[in-house]
file structure.txt (compact mmCIF, C-alpha atoms)
# COMPACT_ATOMS: atom_id res chain seq x y z
CA MET A 1 20.94 14.89 28.90
CA ALA A 2 21.07 12.21 26.26
CA GLN A 3 22.83 8.99 27.17
CA VAL A 4 26.43 8.49 25.99
CA GLU A 5 26.52 5.24 24.04
CA THR A 6 29.60 3.16 23.35
CA LEU A 7 30.17 1.81 19.85
CA GLN A 8 32.73 -0.85 18.90
CA VAL A 9 34.22 0.37 15.63
CA LYS A 10 36.58 -1.24 13.14
CA LYS A 11 38.76 0.49 10.60
CA ARG A 12 37.93 -0.41 7.02
CA ASP A 13 40.27 -0.24 4.06
CA SER A 14 37.70 -1.17 1.47
CA ARG A 15 35.89 1.57 -0.42
CA GLY A 16 33.05 1.76 -2.92
CA LYS A 17 29.46 0.57 -3.07
CA ARG A 18 30.25 -3.12 -3.52
CA HIS A 19 32.23 -3.21 -0.31
CA ALA A 20 29.70 -1.03 1.48
CA ARG A 21 26.88 -3.39 0.47
CA ARG A 22 28.94 -6.39 1.59
CA LEU A 23 29.45 -4.72 4.97
CA ARG A 24 25.72 -4.05 5.33
CA ARG A 25 24.91 -7.68 4.52
CA GLU A 26 27.27 -8.69 7.35
CA GLY A 27 25.37 -6.48 9.80
CA GLU A 28 27.79 -3.55 9.81
CA VAL A 29 27.21 0.07 8.83
CA PRO A 30 29.90 2.02 6.96
CA ALA A 31 30.95 5.16 8.83
CA ILE A 32 33.42 8.02 8.61
CA LEU A 33 35.13 9.95 11.39
CA TYR A 34 36.45 13.47 10.78
CA GLY A 35 37.06 16.82 12.47
CA HIS A 36 39.62 18.71 14.57
CA GLY A 37 41.80 19.17 11.50
CA GLU A 38 42.92 15.53 11.59
CA ALA A 39 42.73 13.03 8.78
CA SER A 40 39.38 11.35 8.23
CA VAL A 41 39.14 7.65 9.10
CA ALA A 42 36.80 5.18 7.38
CA LEU A 43 35.12 2.91 9.92
CA SER A 44 32.42 0.31 10.27
CA VAL A 45 29.97 0.05 13.19
CA PRO A 46 27.74 -2.88 14.18
CA ALA A 47 24.24 -2.01 12.94
CA SER A 48 22.56 -3.29 16.12
CA GLN A 49 24.68 -1.03 18.38
CA LEU A 50 24.11 1.98 16.16
CA ASP A 51 20.35 1.34 15.94
CA MET A 52 20.19 1.15 19.72
CA ALA A 53 22.12 4.41 20.13
CA VAL A 54 19.91 6.22 17.62
CA ARG A 55 16.72 4.85 19.21
CA HIS A 56 17.92 6.19 22.56
CA GLY A 57 18.38 9.63 21.00
CA ALA A 58 22.15 9.63 21.52
CA HIS A 59 24.19 12.44 20.03
CA LEU A 60 27.50 11.95 21.83
CA VAL A 61 29.13 8.51 21.44
CA ASN A 62 32.30 6.86 22.69
CA LEU A 63 34.09 5.08 19.90
CA GLN A 64 36.09 2.03 21.02
CA GLY A 65 38.02 -0.64 19.19
CA ASP A 66 40.36 0.36 16.37
CA VAL A 67 39.72 4.03 17.21
CA ALA A 68 39.27 5.35 20.74
CA GLU A 69 37.71 8.80 20.57
CA GLN A 70 34.64 10.74 21.51
CA ALA A 71 32.43 11.88 18.66
CA ILE A 72 28.97 13.17 17.89
CA ILE A 73 26.66 11.68 15.30
CA ARG A 74 26.73 14.40 12.65
CA GLU A 75 24.61 12.80 9.94
CA LEU A 76 22.69 9.61 9.32
CA GLN A 77 21.70 8.28 5.93
CA TRP A 78 18.58 6.10 5.87
CA ASP A 79 17.21 3.82 3.19
CA THR A 80 14.07 4.82 1.26
CA TYR A 81 11.70 3.29 3.83
CA SER A 82 13.55 4.73 6.87
CA LYS A 83 14.16 1.22 8.21
CA HIS A 84 17.90 0.73 7.91
CA ILE A 85 20.83 3.10 8.45
CA LEU A 86 23.03 3.15 5.35
CA HIS A 87 25.88 5.35 6.56
CA VAL A 88 26.86 7.47 9.53
CA ASP A 89 29.13 10.52 9.88
CA PHE A 90 30.96 11.05 13.17
CA THR A 91 32.65 14.33 14.13
CA ARG A 92 35.45 14.35 16.70
CA VAL A 93 34.62 16.43 19.78
CA SER A 94 36.12 17.09 23.17
CA GLN A 95 33.95 17.10 26.31
CA HIS A 96 33.44 20.86 26.72
CA GLU A 97 33.62 21.90 23.09
CA LEU A 98 30.60 23.83 21.84
CA VAL A 99 28.72 21.97 19.12
CA GLU A 100 25.69 22.76 17.00
CA VAL A 101 23.07 20.04 17.17
CA VAL A 102 19.47 19.57 16.10
CA VAL A 103 17.28 18.58 19.03
CA PRO A 104 13.64 17.44 18.83
CA ILE A 105 10.91 19.48 20.53
CA GLU A 106 8.25 17.62 22.51
CA LEU A 107 4.94 19.11 23.64
CA VAL A 108 3.58 18.20 27.08
CA GLY A 109 0.35 19.06 28.83
CA GLU A 110 -3.08 19.99 27.61
CA ALA A 111 -3.70 23.38 26.04
CA PRO A 112 -6.74 25.24 27.41
CA GLY A 113 -7.12 26.65 23.89
CA ALA A 114 -8.11 23.19 22.68
CA ARG A 115 -11.05 23.19 25.12
CA GLU A 116 -11.97 26.67 23.85
CA GLY A 117 -12.52 25.16 20.41
CA GLY A 118 -9.05 25.66 19.02
CA VAL A 119 -6.66 23.28 17.29
CA LEU A 120 -3.14 22.80 18.60
CA GLU A 121 -0.65 22.99 15.77
CA HIS A 122 2.94 21.84 16.28
CA VAL A 123 4.84 23.92 13.72
CA ALA A 124 8.54 23.42 14.55
CA HIS A 125 9.42 19.84 15.43
CA GLU A 126 13.11 20.43 15.99
CA VAL A 127 15.49 23.24 16.85
CA THR A 128 19.19 23.89 16.31
CA ILE A 129 21.08 24.77 19.48
CA GLU A 130 24.71 25.34 20.41
CA CYS A 131 25.78 23.67 23.64
CA PRO A 132 28.72 21.82 25.23
CA ALA A 133 29.16 18.35 23.74
CA SER A 134 28.84 16.78 27.18
CA ALA A 135 25.45 18.40 27.81
CA ILE A 136 23.42 17.77 24.66
CA PRO A 137 19.78 17.35 25.71
CA GLU A 138 17.83 14.36 24.37
CA LYS A 139 14.87 16.63 23.64
CA LEU A 140 13.45 20.00 24.63
CA VAL A 141 10.13 19.85 26.41
CA VAL A 142 7.56 22.62 25.91
CA GLY A 143 4.59 22.89 28.25
CA VAL A 144 1.38 24.02 26.58
CA ASN A 145 -0.71 24.24 29.76
CA ASP A 146 -1.00 28.04 29.40
CA LEU A 147 -1.64 28.17 25.68
CA HIS A 148 -5.03 29.72 24.95
CA LEU A 149 -6.85 30.20 21.68
CA ASN A 150 -4.98 32.36 19.13
CA GLN A 151 -1.78 32.24 21.17
CA ALA A 152 1.59 30.91 20.08
CA LEU A 153 4.89 29.91 21.63
CA THR A 154 8.10 30.81 19.83
CA LEU A 155 11.63 29.45 20.01
CA ALA A 156 12.41 32.31 22.41
CA ASP A 157 9.98 30.71 24.92
CA LEU A 158 11.98 27.46 25.04
CA LYS A 159 13.79 26.67 28.27
CA LEU A 160 17.30 25.81 27.17
CA PRO A 161 19.69 23.80 29.35
CA GLN A 162 22.64 25.49 31.08
CA GLY A 163 25.23 26.76 28.62
CA ALA A 164 23.03 26.26 25.56
CA ARG A 165 22.29 28.96 23.00
CA LEU A 166 19.64 29.10 20.32
CA VAL A 167 20.85 29.17 16.72
CA GLY A 168 18.62 30.92 14.20
CA ASN A 169 15.49 33.02 14.36
CA ALA A 170 14.07 33.17 17.90
CA ASP A 171 10.72 34.46 16.61
CA ALA A 172 9.90 31.25 14.76
CA VAL A 173 6.67 29.70 16.03
CA VAL A 174 6.99 26.33 17.78
CA VAL A 175 3.36 25.67 18.62
CA GLN A 176 0.16 27.64 18.14
CA CYS A 177 -3.45 27.26 19.06
CA ARG A 178 -5.57 28.43 16.16
CA GLU A 179 -9.22 28.36 15.26
CA PRO A 180 -10.16 25.29 13.23
CA VAL A 181 -10.29 25.86 9.50
CA GLU A 182 -13.46 24.58 7.90
CA VAL A 183 -12.27 22.23 5.20
CA SER A 184 -14.72 21.19 2.55
CA GLU A 185 -15.59 17.51 2.40
CA GLU A 186 -17.32 17.92 -0.93
CA ILE A 187 -15.72 17.98 -4.32
CA THR A 188 -16.03 21.53 -5.53
CA PRO A 189 -14.71 21.71 -9.08
CA GLU A 190 -12.80 24.98 -9.12
CA VAL A 191 -12.05 24.56 -12.79
CA ALA A 192 -14.62 23.88 -15.46
CA GLU A 193 -14.82 20.41 -16.98
CA GLY A 194 -12.20 19.99 -19.72
CA ALA A 195 -10.36 23.19 -18.77
CA GLU A 196 -6.69 23.24 -19.61
CA PRO A 197 -3.84 25.16 -18.00
CA GLU A 198 -2.31 28.22 -19.56
CA MET A 199 0.55 27.52 -21.98
CA ILE A 200 3.88 29.11 -21.11
CA GLY A 201 5.44 31.12 -23.92
CA ARG A 202 2.44 30.94 -26.22
CA ARG A 203 -0.24 33.54 -26.78
CA ALA A 204 -3.89 32.66 -26.24
CA GLU A 205 -4.72 33.28 -29.93
CA GLU A 206 -2.13 30.77 -31.13
CA ALA A 207 -3.39 28.16 -28.70
CA SER A 208 -7.00 28.63 -29.82
CA ASP A 209 -5.97 28.47 -33.51
CA GLU A 210 -4.18 25.22 -32.90
CA GLU A 211 -7.17 23.77 -31.11
CA GLU A 212 -9.43 24.66 -34.03
CA LYS A 213 -7.04 22.96 -36.46
CA GLY A 214 -6.70 19.93 -34.19
CA MET B 1 -11.05 21.02 -5.80
CA ALA B 2 -9.47 19.05 -8.60
CA LEU B 3 -5.75 19.67 -8.70
CA MET B 4 -3.92 20.61 -11.88
CA PRO B 5 -1.06 22.96 -12.81
CA ARG B 6 -1.86 26.60 -13.54
CA ARG B 7 0.66 26.95 -16.34
CA VAL B 8 2.46 24.31 -18.40
CA LYS B 9 5.06 24.31 -21.16
CA HIS B 10 3.54 21.42 -23.09
CA ARG B 11 -0.05 20.15 -23.32
CA LYS B 12 0.91 16.49 -23.58
CA SER B 13 3.75 14.41 -22.19
CA GLN B 14 5.26 11.05 -23.01
CA ARG B 15 4.41 8.14 -20.73
CA GLY B 16 7.84 7.68 -19.18
CA ARG B 17 9.03 4.88 -16.89
CA ILE B 18 8.94 4.72 -13.11
CA LYS B 19 12.44 3.53 -12.28
CA GLY B 20 14.07 3.11 -8.87
CA LYS B 21 12.89 4.25 -5.46
CA ALA B 22 12.14 7.73 -4.15
CA THR B 23 15.26 9.49 -2.95
CA ARG B 24 13.38 12.72 -2.25
CA GLY B 25 10.01 13.25 -0.64
CA ASN B 26 10.45 10.02 1.33
CA ARG B 27 10.55 11.52 4.85
CA VAL B 28 7.87 12.92 7.15
CA VAL B 29 8.48 16.68 7.09
CA PHE B 30 5.37 18.62 8.16
CA GLY B 31 3.27 16.34 10.37
CA ASP B 32 3.93 13.55 12.84
CA PHE B 33 2.90 10.59 10.67
CA GLY B 34 3.02 9.95 6.96
CA LEU B 35 1.46 7.58 4.45
CA GLN B 36 4.28 6.16 2.36
CA ALA B 37 3.77 4.36 -0.95
CA THR B 38 5.59 1.04 -1.22
CA GLN B 39 4.74 0.67 -4.90
CA GLY B 40 5.12 3.02 -7.83
CA GLY B 41 2.31 4.29 -10.01
CA TRP B 42 0.28 7.20 -11.27
CA ILE B 43 -2.14 8.78 -8.81
CA SER B 44 -4.80 10.87 -10.53
CA ALA B 45 -6.00 14.23 -9.27
CA ALA B 46 -9.42 12.68 -8.57
CA THR B 47 -7.80 9.97 -6.44
CA ILE B 48 -5.76 12.50 -4.48
CA GLU B 49 -8.98 14.41 -3.83
CA ALA B 50 -10.83 11.24 -2.83
CA GLY B 51 -8.06 10.49 -0.34
CA ARG B 52 -8.25 13.98 1.09
CA ILE B 53 -12.01 13.72 1.58
CA ALA B 54 -11.74 10.27 3.20
CA ALA B 55 -9.15 11.61 5.65
CA GLN B 56 -11.03 14.85 6.31
CA GLN B 57 -14.25 12.99 7.10
CA TYR B 58 -12.43 11.07 9.79
CA LEU B 59 -10.38 13.97 11.15
CA ARG B 60 -13.21 16.55 11.08
CA THR B 61 -11.62 19.67 12.57
CA GLU B 62 -8.94 17.83 14.54
CA GLY B 63 -5.34 17.68 13.45
CA ARG B 64 -4.03 18.77 10.10
CA LEU B 65 -3.66 16.93 6.82
CA TYR B 66 -0.84 17.67 4.39
CA ILE B 67 -0.90 16.49 0.77
CA ARG B 68 2.67 15.83 -0.36
CA ILE B 69 2.05 14.97 -4.02
CA PHE B 70 0.79 17.06 -6.93
CA PRO B 71 -0.52 15.91 -10.32
CA HIS B 72 1.97 17.45 -12.76
CA LYS B 73 1.61 14.91 -15.57
CA PRO B 74 -1.11 15.18 -18.24
CA ILE B 75 -2.49 11.77 -19.19
CA THR B 76 -4.03 11.53 -22.64
CA SER B 77 -6.46 9.02 -24.04
CA ILE B 78 -8.14 8.38 -27.39
CA PRO B 79 -11.95 8.12 -27.62
CA LEU B 80 -13.64 4.69 -27.69
CA GLU B 81 -14.22 2.99 -31.06
CA THR B 82 -11.59 5.12 -32.76
CA ARG B 83 -9.37 3.60 -35.44
CA MET B 84 -5.65 3.39 -34.75
CA GLY B 85 -3.46 6.31 -35.78
CA LYS B 86 -4.47 9.93 -36.29
CA GLY B 87 -2.08 11.12 -33.62
CA LYS B 88 -1.94 11.23 -29.85
CA GLY B 89 -5.16 11.55 -27.87
CA GLU B 90 -6.36 14.58 -25.93
CA PRO B 91 -5.44 15.23 -22.26
CA GLU B 92 -7.96 13.34 -20.12
CA TYR B 93 -6.76 13.89 -16.59
CA TRP B 94 -3.74 14.88 -14.50
CA ALA B 95 -1.68 12.48 -12.41
CA ALA B 96 1.16 12.48 -9.91
CA VAL B 97 4.05 10.15 -10.69
CA VAL B 98 4.82 8.21 -7.52
CA LYS B 99 7.94 6.16 -6.93
CA PRO B 100 8.11 3.52 -4.18
CA GLY B 101 8.94 5.32 -0.95
CA THR B 102 7.16 8.60 -1.74
CA VAL B 103 5.23 10.11 1.17
CA LEU B 104 1.71 10.78 -0.16
CA TYR B 105 0.00 12.42 2.83
CA GLU B 106 0.97 13.54 6.32
CA ILE B 107 -1.02 14.11 9.48
CA GLY B 108 -0.10 16.25 12.46
CA GLY B 109 -1.76 16.96 15.79
CA VAL B 110 -3.43 13.58 16.34
CA THR B 111 -2.50 10.41 18.23
CA GLU B 112 -0.86 7.49 16.47
CA ASP B 113 -4.03 5.39 16.79
CA ALA B 114 -6.12 8.12 15.13
CA ALA B 115 -3.52 8.59 12.39
CA ARG B 116 -3.43 4.83 11.77
CA ILE B 117 -7.24 4.60 11.37
CA CYS B 118 -7.29 7.71 9.20
CA PHE B 119 -4.55 6.41 6.91
CA GLN B 120 -6.23 2.99 6.72
CA ARG B 121 -9.34 4.65 5.30
CA LEU B 122 -7.25 6.81 3.03
CA ALA B 123 -5.10 3.92 1.78
CA HIS B 124 -8.24 2.12 0.52
CA LYS B 125 -8.58 4.87 -2.08
CA MET B 126 -4.99 4.61 -3.30
CA PRO B 127 -3.97 2.53 -6.31
CA VAL B 128 -0.63 1.68 -4.63
CA ARG B 129 0.23 -0.26 -1.47
CA CYS B 130 1.02 2.04 1.46
CA ARG B 131 2.49 1.93 4.95
CA LEU B 132 2.50 4.23 7.98
CA LEU B 133 5.67 6.20 8.56
CA ARG B 134 6.64 8.03 11.74
CA ARG B 135 8.70 11.20 12.01
CA ARG B 136 12.37 10.60 12.74
CA SER B 137 14.37 12.99 14.86
CA HIS B 138 17.81 12.06 13.44

call {"tool": "encode", "arguments": {"input": "structure.txt", "output": "structure tokens"}}
result
Amino acid sequence: MAQVETLQVKKRDSRGKRHARRLRREGEVPAILYGHGEASVALSVPASQLDMAVRHGAHLVNLQGDVAEQAIIRELQWDTYSKHILHVDFTRVSQHELVEVVVPIELVGEAPGAREGGVLEHVAHEVTIECPASAIPEKLVVGVNDLHLNQALTLADLKLPQGARLVGNADAVVVQCREPVEVSEEITPEVAEGAEPEMIGRRAEEASDEEEKG
Amino acid sequence: MALMPRRVKHRKSQRGRIKGKATRGNRVVFGDFGLQATQGGWISAATIEAGRIAAQQYLRTEGRLYIRIFPHKPITSIPLETRMGKGKGEPEYWAAVVKPGTVLYEIGGVTEDAARICFQRLAHKMPVRCRLLRRRSH
């Protein structure tokens, strides 16, 4: 189960991008807390604490300070280079409430199919599950020690923790061992030199006429 | 295989400006590692292909390479020693418009060290500065 991190939050009255940018310069991240039919509360969280929680794969967090509640990290907004968190959404939860969360899938072991000349392809990197808020797993581990060539594991093959339920299509492939595809390393011009794409909404004759004129 | 669109509405396009940073296509989606541009620019179909070959020569049959950009923009040029005027030139090549932050390529199924070496070789071919980007779970 993922660790429950504690975040010291402050209420914020200021709104808008100027104030949000000022907060970020001061080492805080603007946040919002909502859910359970109660009014939403605008908050700010220390960036260092939030970074730590996210790095540890935390979903459930204890909010302390101006607001004392338990919440899950619903959404994170990152900057263009995925370095800094710009904003975070918290949803109120109670300990045993069922929540839908996205959990990463990690592959462990060595597939015999790889020794048989196959290539291991990790297709689904994360999965949506429904589980009690107090028992959100950090990640789901899939063993590939029995995966031979031309075999695949689906979401149905995942071992879910107690009380968890898969959301979505259980037939979706998580990992497969396929034969390597020979990819050309040479430039093979599929189109002739100077070829142009087809024009939408114009007949070939018109296009050729225009070219002659041009 | 030189990339270019199959069908287009217009043969030629205006130059345009590359403003701001990428707000889409700036995350690793398919693989485990991505090559992210930190500068903006045009990347020609030939350059995209050169990058693919450089990466494929290193990867051989291991792992999988994903190309995240496509050359949608026709770039025209006028012949050498031509007098000014007489209209816009003819389409010369196709290019992808890249904003800072765009993920150009992705690799899956290899270790970080292998991905780093592969992207180093690939980045030499690119006309923009690049960095390695890892997949994020949140």

call {"tool": "interface_residues", "arguments": {"input": "structure.txt", "of": "chain B", "to": "chain A", "cutoff": "9 Å", "atoms": "only C-alpha atoms", "output": "PyMOL selection string"}}
result
chain B and resi 1-11+21-24+26-27+29-32+36+38+49-50+52-54+56-57+60-64+91-93+100-102+108-109+133+136-138

call {"tool": "residues_around", "arguments": {"input": "structure.txt", "residues": "Cys131 (chain A)", "least_positions_apart": "5", "cutoff": "7 Å", "atoms": "only C-alpha atoms", "output": "list in words"}}
result
Leu98, Val99, Glu100, Ile136, Gly163, Ala164 and Arg165 of chain A

call {"tool": "closest_residue", "arguments": {"input": "structure.txt", "among": "B:Ile67, B:Gly87, B:Val103, B:Gly34", "to": "Gln120 (chain B)", "atoms": "only C-alpha atoms"}}
result
B:Gly34

call {"tool": "closest_residue", "arguments": {"input": "structure.txt", "among": "A:Ser14, A:Val108, A:Val29, A:Ala133", "to": "Ala71 (chain A)", "atoms": "all atoms listed in the file"}}
result
A:Ala133

call {"tool": "closest_atom_pairs", "arguments": {"input": "structure.txt", "of": "region 30-132 of chain A", "to": "region 140-162 of chain A", "cutoff": "6 Å", "atoms": "all atoms listed in the file", "output": "tab-separated table"}}
result
residue	atom	partner	partner_atom	distance
A:Ile105	CA	A:Leu140	CA	4.9
A:Glu106	CA	A:Val141	CA	4.9
A:Leu107	CA	A:Val142	CA	4.9
A:Val108	CA	A:Gly143	CA	4.9
A:Gly109	CA	A:Asn145	CA	5.4
A:Glu110	CA	A:Asn145	CA	5.3
A:Ala111	CA	A:Asn145	CA	4.8
A:Pro112	CA	A:His148	CA	5.4
A:Gly113	CA	A:His148	CA	3.9
A:Gly118	CA	A:Leu149	CA	5.7

call {"tool": "decode", "arguments": {"input": "structure.txt", "residues": "region 38-61 of chain A", "atoms": "C-alpha atoms", "output": "PDB file, in the first residue's frame"}}
result
ATOM      1  CA  GLU A  38     -19.244  20.305   0.469  1.00  0.00           C
ATOM      2  CA  ALA A  39     -17.973  23.652  -0.723  1.00  0.00           C
ATOM      3  CA  SER A  40     -14.621  23.658  -2.480  1.00  0.00           C
ATOM      4  CA  VAL A  41     -11.698  25.264  -0.640  1.00  0.00           C
ATOM      5  CA  ALA A  42      -8.745  26.961  -2.337  1.00  0.00           C
ATOM      6  CA  LEU A  43      -5.472  25.961  -0.684  1.00  0.00           C
ATOM      7  CA  SER A  44      -1.736  26.210  -1.081  1.00  0.00           C
ATOM      8  CA  VAL A  45       0.746  23.403  -0.355  1.00  0.00           C
ATOM      9  CA  PRO A  46       4.526  23.623   0.117  1.00  0.00           C
ATOM     10  CA  ALA A  47       6.067  22.453  -3.182  1.00  0.00           C
ATOM     11  CA  SER A  48       8.785  20.424  -1.426  1.00  0.00           C
ATOM     12  CA  GLN A  49       6.241  18.402   0.605  1.00  0.00           C
ATOM     13  CA  LEU A  50       4.067  17.789  -2.434  1.00  0.00           C
ATOM     14  CA  ASP A  51       7.051  16.758  -4.587  1.00  0.00           C
ATOM     15  CA  MET A  52       8.104  14.291  -1.914  1.00  0.00           C
ATOM     16  CA  ALA A  53       4.597  12.815  -1.679  1.00  0.00           C
ATOM     17  CA  VAL A  54       4.324  12.446  -5.454  1.00  0.00           C
ATOM     18  CA  ARG A  55       7.806  10.901  -5.708  1.00  0.00           C
ATOM     19  CA  HIS A  56       6.768   8.336  -3.104  1.00  0.00           C
ATOM     20  CA  GLY A  57       3.733   7.446  -5.221  1.00  0.00           C
ATOM     21  CA  ALA A  58       1.252   8.668  -2.603  1.00  0.00           C
ATOM     22  CA  HIS A  59      -2.421   8.787  -3.496  1.00  0.00           C
ATOM     23  CA  LEU A  60      -3.977   9.266  -0.059  1.00  0.00           C
ATOM     24  CA  VAL A  61      -2.788  12.330   1.900  1.00  0.00           C
TER      25      VAL A  61
END
